[in-house]
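Enquirer: coords.txt (compact mmCIF, C-alpha atoms) pasted underneath:
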```
# COMPACT_ATOMS: atom_id res chain seq x y z
CA MET A 119 100.47 119.06 68.94
CA ILE A 120 96.86 119.94 69.72
CA ASP A 121 95.70 123.23 71.22
CA ILE A 122 95.77 123.23 75.05
CA LYS A 123 92.53 125.22 75.02
CA PHE A 124 90.87 122.47 72.95
CA LEU A 125 92.12 119.81 75.37
CA ARG A 126 90.95 121.83 78.36
CA GLU A 127 87.44 122.16 76.91
CA ASN A 128 87.21 118.67 75.32
CA PRO A 129 89.13 116.21 77.52
CA GLN A 130 86.89 113.27 76.62
CA VAL A 131 87.35 113.87 72.88
CA VAL A 132 91.12 113.76 73.42
CA LYS A 133 90.85 110.57 75.50
CA ASP A 134 88.64 108.89 72.89
CA ASN A 135 91.18 109.82 70.21
CA ILE A 136 93.97 108.25 72.29
CA LYS A 137 91.90 105.06 72.60
CA ASN A 138 91.27 105.04 68.84
CA LYS A 139 95.02 105.13 68.34
CA PHE A 140 95.47 102.22 70.80
CA GLN A 141 97.73 104.28 73.06
CA ASP A 142 95.84 103.75 76.33
CA LYS A 143 99.02 104.25 78.35
CA LYS A 144 98.75 107.94 77.46
CA LEU A 145 95.22 108.37 78.88
CA PRO A 146 96.45 109.59 82.32
CA LEU A 147 98.37 112.37 80.56
CA VAL A 148 95.13 114.21 79.78
CA ASP A 149 94.14 114.71 83.42
CA GLU A 150 97.76 115.34 84.39
CA VAL A 151 98.21 118.15 81.88
CA ILE A 152 94.86 119.73 82.84
CA GLU A 153 95.96 119.84 86.50
CA LEU A 154 99.38 121.27 85.57
CA ASP A 155 97.75 123.82 83.30
CA GLU A 156 95.46 124.98 86.13
CA ARG A 157 98.47 125.43 88.42
CA ARG A 158 100.33 127.25 85.67
CA ARG A 159 97.47 129.67 85.04
CA ALA A 160 96.99 130.27 88.78
CA THR A 161 100.71 131.07 89.05
CA MET A 162 100.44 133.49 86.14
CA VAL A 163 97.42 135.24 87.71
CA LYS A 164 99.22 135.58 91.06
CA ALA A 165 102.32 136.96 89.32
CA ASP A 166 100.24 139.48 87.37
CA GLU A 167 98.55 140.62 90.58
CA LEU A 168 101.93 141.05 92.27
CA ARG A 169 103.29 143.06 89.34
CA ALA A 170 100.25 145.34 89.39
CA ASN A 171 100.59 145.84 93.16
CA ARG A 172 104.33 146.47 92.85
CA ASN A 173 103.71 149.15 90.22
CA LYS A 174 101.13 150.76 92.51
CA LEU A 175 103.53 150.74 95.45
CA SER A 176 106.33 152.14 93.33
CA LYS A 177 104.17 155.14 92.49
CA GLN A 178 103.43 155.62 96.19
CA ILE A 179 107.16 155.60 96.96
CA GLY A 180 107.72 158.38 94.45
CA ALA A 181 104.87 160.46 95.90
CA LEU A 182 106.07 160.00 99.49
CA MET A 183 109.64 160.92 98.62
CA ALA A 184 108.36 164.07 96.92
CA GLN A 185 106.53 164.95 100.16
CA GLY A 186 109.67 164.37 102.21
CA LYS A 187 108.21 161.29 103.95
CA LYS A 188 111.36 159.23 103.54
CA ASP A 189 110.70 156.78 106.40
CA GLU A 190 107.25 155.82 105.04
CA ALA A 191 108.73 155.50 101.54
CA MET A 192 111.46 153.15 102.82
CA GLU A 193 108.85 150.93 104.53
CA ILE A 194 106.96 150.55 101.25
CA ARG A 195 110.25 149.97 99.39
CA ALA A 196 110.94 147.02 101.71
CA LYS A 197 107.54 145.56 100.73
CA VAL A 198 108.41 146.01 97.04
CA SER A 199 111.76 144.22 97.55
CA ALA A 200 109.97 141.28 99.19
CA GLN A 201 107.55 141.11 96.24
CA VAL A 202 110.42 141.12 93.77
CA GLN A 203 111.77 137.97 95.41
CA GLU A 204 108.31 136.37 95.36
CA LEU A 205 107.95 137.29 91.69
CA GLU A 206 111.24 135.58 90.90
CA GLU A 207 110.03 132.43 92.66
CA LEU A 208 106.72 132.56 90.74
CA ALA A 209 108.58 133.07 87.44
CA ALA A 210 110.67 129.96 88.16
CA GLN A 211 107.51 127.98 88.98
CA GLU A 212 105.83 129.23 85.82
CA LYS A 213 108.81 128.21 83.67
CA GLU A 214 108.89 124.73 85.22
CA LEU A 215 105.14 124.26 84.74
CA ASN A 216 105.36 125.52 81.15
CA GLU A 217 108.05 122.98 80.36
CA LYS A 218 106.05 120.12 81.91
CA VAL A 219 102.85 121.11 80.07
CA THR A 220 104.68 121.42 76.74
CA SER A 221 106.42 118.07 77.21
CA ILE A 222 103.13 116.27 77.88
CA MET A 223 101.27 118.08 75.09
CA MET A 224 103.95 116.96 72.63
CA SER A 225 103.26 113.35 73.63
CA ILE A 226 99.48 113.50 73.15
CA PRO A 227 98.50 112.48 69.59
CA ASN A 228 96.79 114.84 67.18
CA ILE A 229 93.03 114.43 66.63
CA ILE A 230 92.59 112.14 63.64
CA ASP A 231 90.19 112.94 60.82
CA PRO A 232 86.72 111.36 61.21
CA SER A 233 87.21 109.52 57.91
CA VAL A 234 90.22 107.55 59.21
CA PRO A 235 89.42 103.82 59.70
CA ILE A 236 89.97 102.55 63.23
CA GLY A 237 92.61 99.84 63.38
CA LYS A 238 95.54 98.74 65.54
CA ASP A 239 98.37 98.63 62.98
CA ASP A 240 99.21 98.65 59.25
CA SER A 241 97.63 95.21 58.79
CA GLU A 242 94.28 97.00 59.15
CA ASN A 243 94.91 99.70 56.55
CA VAL A 244 92.14 99.89 53.96
CA GLU A 245 92.60 99.71 50.19
CA VAL A 246 91.00 102.67 48.44
CA GLU A 247 91.66 102.33 44.72
CA ARG A 248 93.84 100.55 42.15
CA PHE A 249 95.45 102.20 39.14
CA GLY A 250 96.70 100.04 36.27
CA GLU A 251 96.39 96.30 35.75
CA PRO A 252 98.86 94.21 37.78
CA VAL A 253 100.66 91.66 35.59
CA VAL A 254 102.57 88.51 36.48
CA PRO A 255 104.66 87.43 33.46
CA ASP A 256 105.11 83.79 32.50
CA TYR A 257 108.84 83.97 33.24
CA GLU A 258 110.57 84.24 36.60
CA ILE A 259 111.19 87.64 38.16
CA PRO A 260 114.41 87.38 40.23
CA TYR A 261 114.99 89.19 43.52
CA HIS A 262 115.77 92.85 42.86
CA THR A 263 119.45 92.64 43.85
CA ASP A 264 119.86 89.68 41.47
CA ILE A 265 118.44 91.81 38.66
CA MET A 266 120.82 94.65 39.56
CA GLU A 267 123.80 92.27 39.74
CA SER A 268 123.06 91.03 36.21
CA PHE A 269 123.89 94.60 35.10
CA ASP A 270 126.95 94.83 37.41
CA GLY A 271 124.83 97.51 39.02
CA ILE A 272 125.16 96.91 42.76
CA ASP A 273 127.87 96.04 45.26
CA LEU A 274 126.56 95.30 48.74
CA GLU A 275 129.65 93.43 49.90
CA SER A 276 132.02 96.37 49.46
CA ALA A 277 129.47 98.75 50.98
CA GLY A 278 129.25 96.44 53.99
CA LYS A 279 133.01 96.68 54.48
CA VAL A 280 132.96 100.45 54.11
CA ALA A 281 129.81 101.38 56.07
CA GLY A 282 128.12 98.21 57.35
CA ASN A 283 124.75 96.66 56.60
CA GLY A 284 122.06 98.89 55.13
CA PHE A 285 124.35 100.63 52.62
CA TYR A 286 125.13 99.99 48.95
CA TYR A 287 127.12 100.97 45.88
CA LEU A 288 125.01 101.50 42.75
CA MET A 289 126.96 101.40 39.48
CA GLY A 290 126.66 101.67 35.73
CA ASP A 291 123.21 101.57 34.16
CA ILE A 292 121.52 100.95 37.52
CA ALA A 293 123.14 104.03 39.06
CA ARG A 294 122.20 106.02 35.95
CA LEU A 295 118.64 104.73 36.16
CA HIS A 296 118.52 105.79 39.82
CA SER A 297 119.54 109.34 38.88
CA ALA A 298 117.21 109.37 35.88
CA VAL A 299 114.21 108.57 38.06
CA ILE A 300 115.11 111.38 40.49
CA SER A 301 115.60 113.86 37.64
CA TYR A 302 112.33 112.86 36.01
CA ALA A 303 110.48 113.19 39.32
CA ARG A 304 111.98 116.66 39.82
CA ASP A 305 110.83 117.85 36.39
CA PHE A 306 107.45 116.13 36.78
CA MET A 307 106.74 118.20 39.89
CA ILE A 308 108.14 121.42 38.41
CA ASP A 309 105.73 120.93 35.50
CA ARG A 310 102.92 120.73 38.04
CA GLY A 311 103.80 124.15 39.42
CA PHE A 312 106.00 123.20 42.37
CA THR A 313 109.17 125.15 43.18
CA TYR A 314 112.32 123.02 43.18
CA VAL A 315 114.44 123.22 46.35
CA VAL A 316 117.65 121.62 47.58
CA PRO A 317 117.46 122.03 51.39
CA PRO A 318 119.96 121.59 54.25
CA PHE A 319 120.62 117.93 54.98
CA MET A 320 121.04 118.56 58.71
CA ILE A 321 118.66 120.27 61.12
CA ARG A 322 118.74 121.48 64.71
CA SER A 323 116.94 119.77 67.58
CA ASN A 324 114.19 122.42 67.81
CA VAL A 325 113.25 121.67 64.20
CA VAL A 326 113.34 117.91 64.83
CA SER A 327 110.95 118.23 67.78
CA GLY A 328 108.78 120.53 65.67
CA VAL A 329 108.24 118.11 62.80
CA MET A 330 107.89 114.74 64.54
CA SER A 331 107.12 112.94 67.78
CA PHE A 332 109.78 111.84 70.27
CA GLU A 333 109.11 108.19 69.38
CA GLU A 334 109.74 108.85 65.67
CA MET A 335 112.88 110.84 66.42
CA ASP A 336 114.37 108.02 68.51
CA ALA A 337 113.55 105.40 65.86
CA MET A 338 114.76 107.41 62.86
CA MET A 339 117.24 110.21 63.46
CA TYR A 340 121.04 110.08 63.50
CA LYS A 341 122.58 112.62 65.90
CA ILE A 342 125.80 114.43 64.99
CA GLU A 343 128.10 113.92 67.98
CA GLY A 344 129.04 117.12 69.78
CA GLU A 345 126.68 119.27 67.67
CA ASP A 346 123.06 120.35 67.94
CA LEU A 347 122.45 118.78 64.55
CA TYR A 348 120.64 115.71 63.18
CA LEU A 349 120.84 114.12 59.72
CA ILE A 350 117.46 114.40 58.03
CA GLY A 351 115.34 111.29 57.53
CA THR A 352 113.43 113.05 54.74
CA SER A 353 113.65 116.53 53.25
CA GLU A 354 110.20 117.29 54.65
CA HIS A 355 111.98 117.93 57.96
CA SER A 356 114.14 120.80 56.73
CA MET A 357 111.48 122.01 54.27
CA ILE A 358 108.90 122.54 57.02
CA GLY A 359 111.66 123.94 59.22
CA LYS A 360 112.22 126.61 56.54
CA PHE A 361 109.04 128.31 57.79
CA ILE A 362 109.87 128.25 61.51
CA ASP A 363 108.68 131.35 63.37
CA THR A 364 107.38 133.06 60.20
CA VAL A 365 104.20 134.96 59.36
CA THR A 366 103.17 134.59 55.70
CA PRO A 367 100.50 136.86 54.13
CA GLU A 368 97.44 134.93 52.95
CA GLU A 369 97.91 136.15 49.39
CA GLU A 370 101.33 134.41 49.20
CA LEU A 371 99.83 130.99 49.90
CA PRO A 372 99.95 128.15 49.13
CA LYS A 373 103.66 127.42 49.23
CA THR A 374 104.13 124.37 46.98
CA LEU A 375 107.66 122.99 47.05
CA THR A 376 109.39 119.88 45.72
CA SER A 377 112.72 119.02 47.28
CA TYR A 378 115.60 116.67 46.63
CA SER A 379 117.79 115.25 49.38
CA PRO A 380 119.66 112.24 50.60
CA CYS A 381 117.91 110.70 53.61
CA PHE A 382 119.42 108.92 56.61
CA ARG A 383 117.47 106.56 58.88
CA LYS A 384 118.29 104.19 61.69
CA GLU A 385 115.41 101.91 60.59
CA LYS A 386 115.03 100.31 64.01
CA GLY A 387 113.13 97.04 63.89
CA ALA A 388 113.75 96.28 60.18
CA HIS A 389 113.49 92.55 59.63
CA GLY A 390 112.36 89.80 57.26
CA ILE A 391 113.35 88.61 53.81
CA GLU A 392 111.96 91.67 52.07
CA GLU A 393 114.21 93.87 54.18
CA ARG A 394 117.25 92.49 52.33
CA GLY A 395 118.93 94.25 49.44
CA VAL A 396 117.90 97.90 49.08
CA TYR A 397 114.33 97.68 50.34
CA ARG A 398 114.98 99.09 53.82
CA ILE A 399 118.28 100.89 54.16
CA HIS A 400 120.07 103.56 56.19
CA GLN A 401 120.79 105.89 53.27
CA PHE A 402 118.74 106.71 50.18
CA GLU A 403 117.71 109.62 47.98
CA LYS A 404 114.27 111.05 47.65
CA GLN A 405 112.16 113.61 45.82
CA GLU A 406 109.56 115.07 48.18
CA MET A 407 106.61 117.47 47.94
CA VAL A 408 105.60 119.86 50.70
CA VAL A 409 102.67 122.27 50.95
CA VAL A 410 102.02 125.07 53.43
CA CYS A 411 98.49 126.39 53.01
CA LYS A 412 95.40 127.89 54.61
CA PRO A 413 93.40 125.46 56.80
CA GLU A 414 90.40 125.42 54.46
CA ASP A 415 92.62 124.27 51.58
CA SER A 416 94.48 121.39 53.21
CA LYS A 417 91.94 118.69 52.31
CA MET A 418 92.08 119.69 48.65
CA TRP A 419 95.88 119.69 48.67
CA PHE A 420 95.97 116.30 50.38
CA ASP A 421 94.07 114.74 47.47
CA LYS A 422 96.26 116.53 44.93
CA LEU A 423 99.47 115.35 46.54
CA TRP A 424 98.80 111.61 46.59
CA GLN A 425 97.38 111.85 43.06
CA ASN A 426 100.69 113.32 41.88
CA THR A 427 102.51 110.18 43.03
CA VAL A 428 99.95 107.91 41.40
CA ASP A 429 100.24 109.85 38.12
CA LEU A 430 104.04 109.68 38.14
CA PHE A 431 104.12 105.91 38.65
CA ARG A 432 101.46 105.38 36.01
CA SER A 433 103.50 107.49 33.57
CA LEU A 434 106.18 104.81 34.04
CA ASP A 435 103.55 102.10 33.48
CA ILE A 436 103.85 100.78 37.04
CA PRO A 437 100.52 99.61 38.55
CA VAL A 438 99.81 101.12 41.96
CA ARG A 439 97.13 101.23 44.62
CA THR A 440 96.26 103.63 47.43
CA LEU A 441 95.75 102.58 51.04
CA GLU A 442 94.03 104.60 53.76
CA CYS A 443 96.18 104.35 56.89
CA CYS A 444 94.20 103.27 59.94
CA SER A 445 94.29 105.11 63.27
CA GLY A 446 96.95 102.90 64.84
CA ASP A 447 99.28 103.30 61.85
CA LEU A 448 99.26 107.11 61.98
CA ALA A 449 102.21 108.90 63.57
CA ASP A 450 101.13 111.15 66.42
CA LEU A 451 101.20 114.42 64.47
CA LYS A 452 99.28 113.08 61.46
CA VAL A 453 95.56 113.64 60.98
CA LYS A 454 95.21 111.53 57.84
CA SER A 455 97.54 109.52 55.58
CA ILE A 456 97.34 107.73 52.25
CA ASP A 457 100.07 105.26 51.28
CA VAL A 458 100.85 104.62 47.62
CA GLU A 459 101.92 101.03 46.94
CA ALA A 460 103.49 99.70 43.74
CA TRP A 461 102.85 96.27 42.24
CA SER A 462 105.58 93.65 42.66
CA PRO A 463 105.27 90.89 40.01
CA ARG A 464 107.81 88.79 41.92
CA GLN A 465 105.96 88.94 45.24
CA LYS A 466 102.55 89.05 43.53
CA LYS A 467 101.49 91.83 45.88
CA TYR A 468 101.83 95.57 46.40
CA PHE A 469 104.46 97.25 48.58
CA GLU A 470 104.82 100.81 49.88
CA VAL A 471 106.65 103.35 47.73
CA GLY A 472 105.27 106.60 49.14
CA SER A 473 103.19 108.14 51.88
CA CYS A 474 101.04 111.29 51.81
CA SER A 475 100.16 113.01 55.09
CA ASN A 476 98.05 115.93 56.29
CA LEU A 477 99.29 117.23 59.64
CA THR A 478 96.85 120.19 59.75
CA ASP A 479 98.27 122.70 62.30
CA ALA A 480 100.32 120.25 64.44
CA GLN A 481 103.74 121.15 63.02
CA ALA A 482 102.72 124.79 62.61
CA ARG A 483 101.85 125.09 66.31
CA ARG A 484 105.19 123.60 67.38
CA LEU A 485 107.23 125.71 64.95
CA LYS A 486 105.07 128.88 65.05
CA ILE A 487 104.25 128.84 61.34
CA ARG A 488 101.56 131.49 60.99
CA ILE A 489 99.44 133.15 58.34
CA LYS A 490 98.63 136.85 58.31
CA GLY A 491 94.92 137.37 57.59
CA GLU A 492 92.53 140.31 57.66
CA LYS A 493 91.41 139.43 61.20
CA GLY A 494 94.88 138.65 62.56
CA ASN A 495 97.41 135.84 62.52
CA TYR A 496 96.49 132.14 62.61
CA LEU A 497 98.27 128.79 62.19
CA ALA A 498 99.01 127.32 58.77
CA HIS A 499 98.39 123.72 57.72
CA THR A 500 101.30 121.58 56.48
CA LEU A 501 101.28 118.52 54.22
CA ASN A 502 103.93 116.27 52.71
CA ASN A 503 104.16 113.41 50.25
CA THR A 504 106.79 111.25 48.58
CA VAL A 505 107.27 111.78 44.86
CA VAL A 506 109.78 108.94 44.48
CA ALA A 507 112.31 107.35 46.82
CA PRO A 508 114.86 105.28 44.94
CA PRO A 509 116.36 102.82 45.32
CA ARG A 510 113.13 101.29 46.68
CA MET A 511 111.27 102.71 43.71
CA LEU A 512 113.83 100.92 41.49
CA ILE A 513 112.55 97.59 42.81
CA ALA A 514 109.11 98.31 41.36
CA PHE A 515 110.61 99.75 38.17
CA LEU A 516 112.94 96.82 37.48
CA GLU A 517 110.37 94.13 38.26
CA ASN A 518 107.64 95.73 36.12
CA ASN A 519 109.94 96.46 33.15
CA LEU A 520 112.06 93.28 33.17
CA GLN A 521 111.85 91.25 29.95
CA ALA A 522 112.25 87.50 29.44
CA ASP A 523 115.78 88.00 28.02
CA GLY A 524 116.87 89.88 31.16
CA SER A 525 116.82 93.34 29.59
CA VAL A 526 114.84 96.18 31.16
CA LEU A 527 112.65 98.47 29.06
CA ILE A 528 112.99 102.22 29.57
CA PRO A 529 109.61 104.04 29.27
CA LYS A 530 109.52 106.91 26.77
CA VAL A 531 109.28 109.62 29.47
CA LEU A 532 112.53 108.40 31.02
CA GLN A 533 114.58 107.90 27.86
CA MET A 534 115.87 111.49 27.66
CA TYR A 535 117.39 111.02 31.12
CA MET A 536 119.06 107.76 30.00
CA GLY A 537 120.87 109.15 26.98
CA GLY A 538 118.08 108.09 24.62
CA LYS A 539 118.22 104.39 25.55
CA ASP A 540 114.95 102.49 25.22
CA ARG A 541 116.30 99.52 27.18
CA ILE A 542 119.32 98.43 29.19
CA ILE A 543 121.05 95.12 28.49
CA PRO A 544 122.43 92.84 31.22
CA LYS A 545 126.17 92.11 31.29
CA LYS A 546 125.74 88.61 32.68
```
Spit out the file's structure as structure tokens when you get a sec.

Expert:
Amino acid sequence: MIDIKFLRENPQVVKDNIKNKFQDKKLPLVDEVIELDERRRATMVKADELRANRNKLSKQIGALMAQGKKDEAMEIRAKVSAQVQELEELAAQEKELNEKVTSIMMSIPNIIDPSVPIGKDDSENVEVERFGEPVVPDYEIPYHTDIMESFDGIDLESAGKVAGNGFYYLMGDIARLHSAVISYARDFMIDRGFTYVVPPFMIRSNVVSGVMSFEEMDAMMYKIEGEDLYLIGTSEHSMIGKFIDTVTPEEELPKTLTSYSPCFRKEKGAHGIEERGVYRIHQFEKQEMVVVCKPEDSKMWFDKLWQNTVDLFRSLDIPVRTLECCSGDLADLKVKSIDVEAWSPRQKKYFEVGSCSNLTDAQARRLKIRIKGEKGNYLAHTLNNTVVAPPRMLIAFLENNLQADGSVLIPKVLQMYMGGKDRIIPKK
């Protein structure tokens, strides 16, 4: 959410930003919120004037009563009573206007970074850099669920009976590999100075509205019936929520955290052949990284975060590339995003395995996450990035490590998490 003062002083900048995000239907909101804000401020001024006058009259009542002028005092008291009623009406108006202004401001997208390419959707994202040489072997790479089934490692049919489409049972070596990747990612980030956290897997509605837009919430979040609780779609949600309504001294920053959690997503609109199997699902596990820092440091941390993901995948000998997300592909709170994509030898193309985002002060303004500095308090910047998100990450791992005989090599860095195995052997 942008600053109302910034919008008030730069309405055209806000409108141009909305156009760059191809959300023209939101353009009228700028003028609407300016008009509501003017009415709100006028109401506040009138209420302040009434309060000051009421205080003045109250003093007069006391003085008149002391002088024995009871009748005059009672006349003034009647005026004060009338003003109390007017103040109550103004307070109700102010509350209503505040709610309307806040609702609109939460729908207006954040100002994107000048470096972000302008484009309508993810088809116009821009490749930045490739890491590692993509290889297509001279033998066939089966679909990822076929690879898993050769190890008796997945059961989608039973999961469908138990929970429906979009769920799975992982078993045996594949399940162990899944856990090994998560454990390795955890230790990888700890070694880079991040504090390991296991957060709550449910959050309240005020945290949900603080970390994402209404559109994202509707498309992603599962609501717990009868409770003010939502299942998290990523641990970033509860990790940022950890700092709600806090003031952190500058010297205690940055806060660099890496968190594990299961994630739950509706995944509205999932479709296509590559959505089969475990590519796009309702439940998965994820290792995340989150940073809360001073505004002047957020650009530096943004580059560090996406590089961490690249380095982890390269340590597993998986080729990756980075993509700069275009304006139309950025969620409303995001200022800048880099996607990390892994190479798929079967598809002969890259696919997304992680996303790094700088939200500057958008989440901090909604959740009142502040920093205590020498000259007073100011808003923090928040960033997040995926370390790994199996089982999607397993697709890249299995395809890039599959051998002609059907076995899968285990890179050296992962072997300690797999009981010392340097490969896993298919059962069929």

Enquirer: Find the residues near A:Lys412: any atom within 9 Å, counting all atoms listed in the file, skip ones fewer than 2 places away on the same chain, and give them as a short mmCIF file (atom, residue, chain, number, x, y, z; two decimals) with C-alpha atoms, in the frame of the given file.

Expert:
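Below you can see out-v3.cif, which holds the result:
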```cif
data_model
loop_
_atom_site.label_atom_id
_atom_site.label_comp_id
_atom_site.auth_asym_id
_atom_site.auth_seq_id
_atom_site.Cartn_x
_atom_site.Cartn_y
_atom_site.Cartn_z
CA GLU A 368 97.44 134.93 52.95
CA LEU A 371 99.83 130.99 49.90
CA PRO A 372 99.95 128.15 49.13
CA VAL A 410 102.02 125.07 53.43
CA GLU A 414 90.40 125.42 54.46
CA ASP A 415 92.62 124.27 51.58
CA SER A 416 94.48 121.39 53.21
CA ILE A 489 99.44 133.15 58.34
CA LEU A 497 98.27 128.79 62.19
CA ALA A 498 99.01 127.32 58.77
CA HIS A 499 98.39 123.72 57.72
CA THR A 500 101.30 121.58 56.48
#
```

Enquirer: Within 6 Å of A:Leu501, counting all atoms listed in the file, which residues show up once you throw out same-chain ones fewer than 6 positions away? Write them as a list in words, please.

Expert: Val408, Val409, Ser475, Asn476 and Leu477 of chain A

Enquirer: Which residues, written as a JSON list (two decimals) with C-alpha atoms, in the frame of the given file, have at least one atom at most 12 Å from A:Asp264, with all atoms listed in the file counted and residues fewer than 3 positions away on the same chain left out?

Expert:
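After the write, selection-v9.json holds the following:
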```json
[["chain", "number", "residue", "atom", "x", "y", "z"],
["A", 258, "GLU", "CA", 110.57, 84.24, 36.60],
["A", 259, "ILE", "CA", 111.19, 87.64, 38.16],
["A", 260, "PRO", "CA", 114.41, 87.38, 40.23],
["A", 261, "TYR", "CA", 114.99, 89.19, 43.52],
["A", 267, "GLU", "CA", 123.80, 92.27, 39.74],
["A", 268, "SER", "CA", 123.06, 91.03, 36.21],
["A", 269, "PHE", "CA", 123.89, 94.60, 35.10],
["A", 270, "ASP", "CA", 126.95, 94.83, 37.41],
["A", 271, "GLY", "CA", 124.83, 97.51, 39.02],
["A", 272, "ILE", "CA", 125.16, 96.91, 42.76],
["A", 273, "ASP", "CA", 127.87, 96.04, 45.26],
["A", 274, "LEU", "CA", 126.56, 95.30, 48.74],
["A", 394, "ARG", "CA", 117.25, 92.49, 52.33],
["A", 395, "GLY", "CA", 118.93, 94.25, 49.44],
["A", 396, "VAL", "CA", 117.90, 97.90, 49.08],
["A", 513, "ILE", "CA", 112.55, 97.59, 42.81],
["A", 516, "LEU", "CA", 112.94, 96.82, 37.48],
["A", 517, "GLU", "CA", 110.37, 94.13, 38.26],
["A", 520, "LEU", "CA", 112.06, 93.28, 33.17],
["A", 524, "GLY", "CA", 116.87, 89.88, 31.16],
["A", 544, "PRO", "CA", 122.43, 92.84, 31.22],
["A", 546, "LYS", "CA", 125.74, 88.61, 32.68]]
```

Enquirer: Counting all atoms listed in the file, which of A:Phe306, A:Phe332, A:Phe140, A:Phe249 gets nearest to A:Met223?

Expert: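 Residue with the minimum atom-to-atom distance to A:Met223: A:Phe332.
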
Enquirer: Considering only C-alpha atoms, can you say which of A:Leu349, A:Ile436, A:Ala303, A:Val428 comes closest to A:Val325?

Expert: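 Of A:Leu349, A:Ile436, A:Ala303, A:Val428, the one nearest A:Val325, counting only C-alpha atoms, is A:Leu349.
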
Enquirer: Can you tell me, as a count of residues only, what residues are no more than 8 Å from A:Val505 when counting only C-alpha atoms, ignoring any on the same chain fewer than 3 positions away?

Expert: 9

Enquirer: Name the closest residue to A:Asn228 among the candidates A:Asn135, A:Gln533, A:Ser525, A:Ser377; distances are taken between atoms, counting only C-alpha atoms.

Expert: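 Between A:Asn135, A:Gln533, A:Ser525, A:Ser377, the residue approaching A:Asn228 most closely is A:Asn135.
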
Enquirer: Can you tell me which residues surround A:Met224 at a distance of at most 10 Å, considering all atoms listed in the file, apart from same-chain residues fewer than 2 positions away, and format the answer as a VMD selection string?

Expert: chain A and resid 119 to 120 219 to 222 226 to 228 327 to 328 330 to 332 450 to 451 480 484

Enquirer: Pick the closest to A:Ile487 from A:Gly537, A:Thr374, A:Ala507, A:Gly359: which is it, counting only C-alpha atoms?

Expert: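 With only C-alpha atoms as the atom set, the closest residue is A:Gly359.
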
Enquirer: Take stretch 437-447 of chain A, bring it up to N, CA, C and O atoms, and give me the output as an mmCIF file, in the frame of the given file.

Expert:
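Result went into result03.cif, see below:
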```cif
data_model
loop_
_atom_site.group_PDB
_atom_site.id
_atom_site.type_symbol
_atom_site.label_atom_id
_atom_site.label_comp_id
_atom_site.auth_asym_id
_atom_site.auth_seq_id
_atom_site.Cartn_x
_atom_site.Cartn_y
_atom_site.Cartn_z
ATOM 1 N N PRO A 437 101.822 99.648 37.866
ATOM 2 C CA PRO A 437 100.520 99.610 38.550
ATOM 3 C C PRO A 437 100.690 99.965 40.035
ATOM 4 O O PRO A 437 101.673 99.554 40.678
ATOM 5 N N VAL A 438 99.750 100.723 40.556
ATOM 6 C CA VAL A 438 99.810 101.120 41.960
ATOM 7 C C VAL A 438 98.412 101.043 42.577
ATOM 8 O O VAL A 438 97.405 100.939 41.871
ATOM 9 N N ARG A 439 98.388 101.102 43.903
ATOM 10 C CA ARG A 439 97.130 101.230 44.620
ATOM 11 C C ARG A 439 97.321 102.214 45.765
ATOM 12 O O ARG A 439 98.447 102.484 46.187
ATOM 13 N N THR A 440 96.207 102.747 46.261
ATOM 14 C CA THR A 440 96.260 103.630 47.430
ATOM 15 C C THR A 440 95.631 102.922 48.622
ATOM 16 O O THR A 440 94.650 102.190 48.482
ATOM 17 N N LEU A 441 96.234 103.145 49.784
ATOM 18 C CA LEU A 441 95.750 102.580 51.040
ATOM 19 C C LEU A 441 95.482 103.702 52.018
ATOM 20 O O LEU A 441 96.315 104.598 52.189
ATOM 21 N N GLU A 442 94.333 103.662 52.672
ATOM 22 C CA GLU A 442 94.030 104.600 53.760
ATOM 23 C C GLU A 442 94.651 104.039 55.037
ATOM 24 O O GLU A 442 94.362 102.907 55.446
ATOM 25 N N CYS A 443 95.538 104.808 55.649
ATOM 26 C CA CYS A 443 96.180 104.350 56.890
ATOM 27 C C CYS A 443 95.184 104.400 58.038
ATOM 28 O O CYS A 443 94.488 105.405 58.238
ATOM 29 N N CYS A 444 95.118 103.331 58.802
ATOM 30 C CA CYS A 444 94.200 103.270 59.940
ATOM 31 C C CYS A 444 94.753 104.066 61.115
ATOM 32 O O CYS A 444 95.915 104.486 61.117
ATOM 33 N N SER A 445 93.941 104.251 62.131
ATOM 34 C CA SER A 445 94.290 105.110 63.270
ATOM 35 C C SER A 445 95.581 104.684 63.953
ATOM 36 O O SER A 445 96.417 105.518 64.307
ATOM 37 N N GLY A 446 95.770 103.380 64.141
ATOM 38 C CA GLY A 446 96.950 102.900 64.840
ATOM 39 C C GLY A 446 98.224 102.982 64.036
ATOM 40 O O GLY A 446 99.317 102.836 64.585
ATOM 41 N N ASP A 447 98.107 103.219 62.732
ATOM 42 C CA ASP A 447 99.280 103.300 61.850
ATOM 43 C C ASP A 447 99.693 104.748 61.599
ATOM 44 O O ASP A 447 100.668 104.994 60.895
#
```
